[in-house]
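Student: Sharing a structure, written as structure tokens. Questions coming.
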Amino acid sequence: MTDAVQPTSGLSLDRVAFSRAGRVIIDGVDVTLPRGAFGALVGPNGAGKSTLLHLIASIERAASGGIVFDGAALPTMPRRERARTVAVAEQQSDTELDLSVVDVVMLGRTPHLGAFASASATDAAVVRDALAAVGAAGLAARRFHTLSGGERQRVTLARALAQQPSLLLADEPTNHLDIRSQLSALSLLAELARGGLTVLAALHDLGHAAAYADHVIVLAEGRVVAAGDPATVLTPELVLDVYGVRAAVLRHPLTGRPLLAFAEGSPAAAETSPTLDLESSL
Amino acid sequence: MSATVRVRSLVLSLHPPEATIRRSVVPLVTLAASVALLSGCAATPEPSSTAAASGSGTDTASTGYPLTVDNCGTEVTFTQAPQKVVTIKSTTLETLLALGLGDHVVGSAFTDGPVPDDQADAAAAITSISDFVPGQEATLALEPDLVYAGWESNLTAEGAGDRATLAGLGVNSYVAPSACKEEAYKPDPLTFDDVFSEIEEVGAIFDVSDRAAELVAEQEKDLAAVTKNESGLTALWYSSGTDTPYVGAGIGAPEMMMEAAGLENIAADVHDTWSALGWESIVADDPDVIVLIDATWNTAASKIATLEANPATAELTAVKEKHYVTVPFPAGEAGVRNVDAVSSITDQLETLGL
Amino acid sequence: MTKAGMTTVQQAREAEVVKTSRSLPAAVWAVILSVLLAASIVVAVTIGPAGLTAGDVWASILAHLGFGDPTLSPLRDGIVWQLRMPRVLTAAAVGAGLALAGAIMQAVTRNPLADPYLLGLSSGASVGAVIVLVLGVSIALPFAAFAGALVALGFTLVLAGAAGRITPTRTVLAGLAVSSVFGAVTSLIIFWSATGDSYREILNWLLGSLAGAEWPAVAISVGALLLVGGPLLASARTLDAFAFGDASAAALGVNVDRTRWLLLGGTALLTGAMVSVSGSIGFIGLVLPHAVRLLTGPGHRALLPLSALAGAIFLIWADTAARTLFDPRELPVGIITALVGGPVFAVLILRSRRIS
């Protein structure tokens, strides 16, 4: 049964390509992310992570390839319906306008409201729940521009949740956050995924991807170089290959998930990658 | 003289060709009812003739109403002589006062200076509603049946009211024909015949053609009595301005008066009534005489100060020799004071020993 | 009972926090401004150089509406019904239209300094209008003005874009360049075709004036407000979605490009119609939306209609000042709006510097 549903459930990209100003940004990307999975999109700066998220949300149009979610092609879906299906939490979300936090999260209700319709009690409840879900209920009455970077990040996530999407795309959701907030943001995404929401987050920190994601997609120069289970994908060879950095992959003593440790050095030095033993170094 | 013949297609066709020349303004009267009146006015073009008033060719001197005139391209119909007139600019007020129509004026506006002495008493009784162009409400509040303007630009929505708007409210408007700007109506050049024609037309509108005829006859006599200056002097007609002076040019009232006084206008080749002229070309021409226009807001004395302060103009012959002739601003525009102004100019030249 | 009451109060307070954090709800402001607008029309028509009593003025207006008989002479009645009434109504419609256009442009371009006047639309509209007037082409004046506004807007945006990333400052500078050129073209056309003392006409177009506003002007300005302004009000929620930029708006289901061009086209059409009856009156689109934001915040569902109401009230009184302050002379109303708008513009520049 599960196998039969697989092809039409979740997110699937088929040879997606995109160029900007004659430069190829995304070069034939295939991705499969099961429904309810937390996917991490990793890769060096300029690999095309943000662009790929934009293509999935149809903010920018792919030159070719298929983008399907739960059996429906996203690029051809009516806009408002698409905005009720896919939400994007942007990386650096800011506005010149003097908006309250509630105003900002209420924007997420846009695809659910008609041009003249007032926000209903339901909309207010969704907004309240979204703020509560990101642990920002206490910020409701604050002005958005007075918030710290971490608070803004959470409110931006709440706005995306207020769209009540089935697919959540998050671009660097841990940016600007202190370590505790980073971890709580990531566990929130993981929790949302467990609740049935399909999550795809672009992450800089391989350690975060290893620690929280169900599925890791490694992007380099617009191509997928590896994808799958974190433990399978995040190998020292891949890290060296993609980032040019030496790494050791351990088992996290507390969670059992992969744990990455990095060291600077020439690629040549990596040939003799030392075996690090966390237990013995303690 | 033929230069004064202006083409007014509709109007002219109602008239025998010989009824042109100086009468050319009178054919403004177009209604069929007034054709009879007009056809009698193919009067002699002799300036000395006193048979000048409209209709005086026949034995009637009274105006038949309704009377329609083509005024700068706008048809204006009078069903009776206007009783409540607002005048804008000095020339219009002075024309009415000269015709003894002061009691028809309910308000004057934008006067450029005091009226001549002989009109002072009549003028004292008239309310001045504005030192500048009045707004339309301020004008209409006097409930005029005619707004008589010296310039076309006085009659705009921002001024005393658009002509069409005034007409819609039942208020007639009349612009001094010498100030018409439309190509077919603009006097090019302005002549004393044009000035007299306006007096006659206003006389006809107010049903005082006899008085108008007398006034014109008197002015023609005075003009004929002027002794033209024969010294071959060149002159600048300095109207206003300091950085770039505004001067009398080749086709307007200044040129008309200078020519009558025997002065050669250094700006005669500029095809305009008045025009801005650079100091450089004035210095290059070095006029023998400077005619200074004396306005309350820009006096002759201040103009002399300007001329003497500027090192370039201080070297002009006329400035060094103080060859100044003064003309009051209201007399500098086409109107009943032009003839006096000409004789005053020649008198002043004589006093200066020129 | 007490306990139940407490809970209700608490719930209400909570709901209020979620709904809005402003002092007065937008609906209350809408009522206040509507009443003020009606009162402004009622009072402004009784004010003018002609010194008519309010009773006479209203007897005259009611008589034209079919109630009772006028107490004024036909000419004074004409002052009320042919001059003042259409002028006050045109002022209201033009003020509303320009304020609405400004509020929408600020949202679409994400530029707090956007305004039909500063971005050159008004100058472009003037050129269109003047060309039609001079050539006597049989195109409706508002459409020619619309075309002019659109061309000017295009120039401004292309110029701002060509200079690099489109920033508010670049856009305003580009608008300044474009409006200078279009202003000069207007002056040139009038001088070239001048039959009268053309400077007055030039002033009229460049500074804006409602002196010539009669019933046809009411038809054009009110018609444009209803036909173009009405649909533009429906864009409020879409404009809210632009708060965090184009990508964010697109993610919220907005067709960004189509919306932007439709709304900019709509503001150009609205501006063109207003300029064709009033010349380019400045700063209304800049000042009023910012003032209204102080009252109700930046949410466009409140901002758009309230800016329109406030613009109407503002221009009615600015024009009343223009026709009475220097009685018996009239001032072009654009001088008054610029005297108010210039300092506000300066404050906005200072404030935007502090933000960035």
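Lettering and numbering for the structure tokens are positional, with chains as A, B, ... in the shown order, residues counted from 1 in each chain, and ligands counted from 1 in the shown order.
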Find the residues of chain A that sit at most 6 Å from chain C; for each, write down the nearest two atoms and how far apart they are in Å, to one decimal. Count only C-alpha atoms. Sort by chain, then by number going up, and give it as a tab-separated table.
Tutor:
residue	atom	partner	partner_atom	distance
A:Ile59	CA	C:Ala250	CA	5.6
A:Arg79	CA	C:Gly253	CA	4.7
A:Arg80	CA	C:Gly253	CA	4.5
A:Ala83	CA	C:Gly253	CA	4.9
A:Asp94	CA	C:Phe244	CA	5.7
A:Thr95	CA	C:Phe244	CA	5.1
A:Val102	CA	C:Val18	CA	5.9
A:Pro111	CA	C:Gly253	CA	5.9
A:Ala115	CA	C:Ala234	CA	5.6
Student: Residues near Thr92 of chain B, anyone? I mean within 7 Å using only C-alpha atoms, not counting same-chain ones fewer than 5 positions away, as a PyMOL selection string.
Tutor: chain B and resi 87+148-150
Student: Counting only C-alpha atoms, which residues from chain B have an atom at most 10 Å from any atom of chain C, and could you show them as a PyMOL selection string?
Tutor: chain B and resi 109+129-145+151-162+165-166+168-171+179-183+186
Student: Report as a list of chain:residue names all protein, DNA and RNA residues lying within 9 Å of Val195 of chain B, evaluated on only C-alpha atoms, omitting residues in the same chain fewer than 5 positions from it.
Tutor: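 Close residues of Val195 of chain B: B:Pro177, B:Ser178, B:Leu190, B:Glu200, B:Ala334, B:Gly335, B:Val336, B:Asn338.
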Student: Dump C-alpha atoms for the selected residues as a CSV table (one decimal), in the first residue's frame?
Tutor:
chain,number,residue,atom,x,y,z
B,177,PRO,CA,-9.5,94.8,-29.4
B,178,SER,CA,-6.0,96.2,-29.6
B,190,LEU,CA,-1.5,98.7,-34.2
B,200,GLU,CA,-16.3,103.8,-31.6
B,334,ALA,CA,-3.6,101.4,-26.4
B,335,GLY,CA,-6.3,103.7,-25.2
B,336,VAL,CA,-7.7,107.2,-25.0
B,338,ASN,CA,-2.2,107.7,-26.6
Student: Choose the residue, out of B:Thr296, B:Ser344, B:Thr91, B:Ser108, that has the smallest atom-to-atom separation from Ala253 of chain B; count only C-alpha atoms.
Tutor: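 Using only C-alpha atoms, Ala253 of chain B sits closest to B:Thr91.
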Student: Within 10 Å of Pro82 of chain B, counting only C-alpha atoms, which residues qualify if same-chain residues fewer than 6 places away don't, as a count of residues only?
Tutor: 11
Student: Apply DSSP to the backbone of this structure and, from segment 24-241 of chain C, keep only the residues in helix (DSSP H, G or I); write these as a PyMOL selection string.
Tutor: chain C and resi 26-44+54-64+74-108+121-135+141-162+168-192+198-207+215-233+236-241
Student: Give me, please, the distance in Å between atom CA of Thr71 of chain C and atom CA of Val42 of chain C, quoted to one decimal.
Tutor: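 Distance between the two atoms: 17.5 Å.
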Student: Select, from C:Ala308, C:Leu264, C:Leu98, C:Val275, the residue with the minimum atom-to-atom distance to Ser122 of chain C, counting only C-alpha atoms.
Tutor: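 The shortest atom-to-atom distance to Ser122 of chain C comes from C:Val275.
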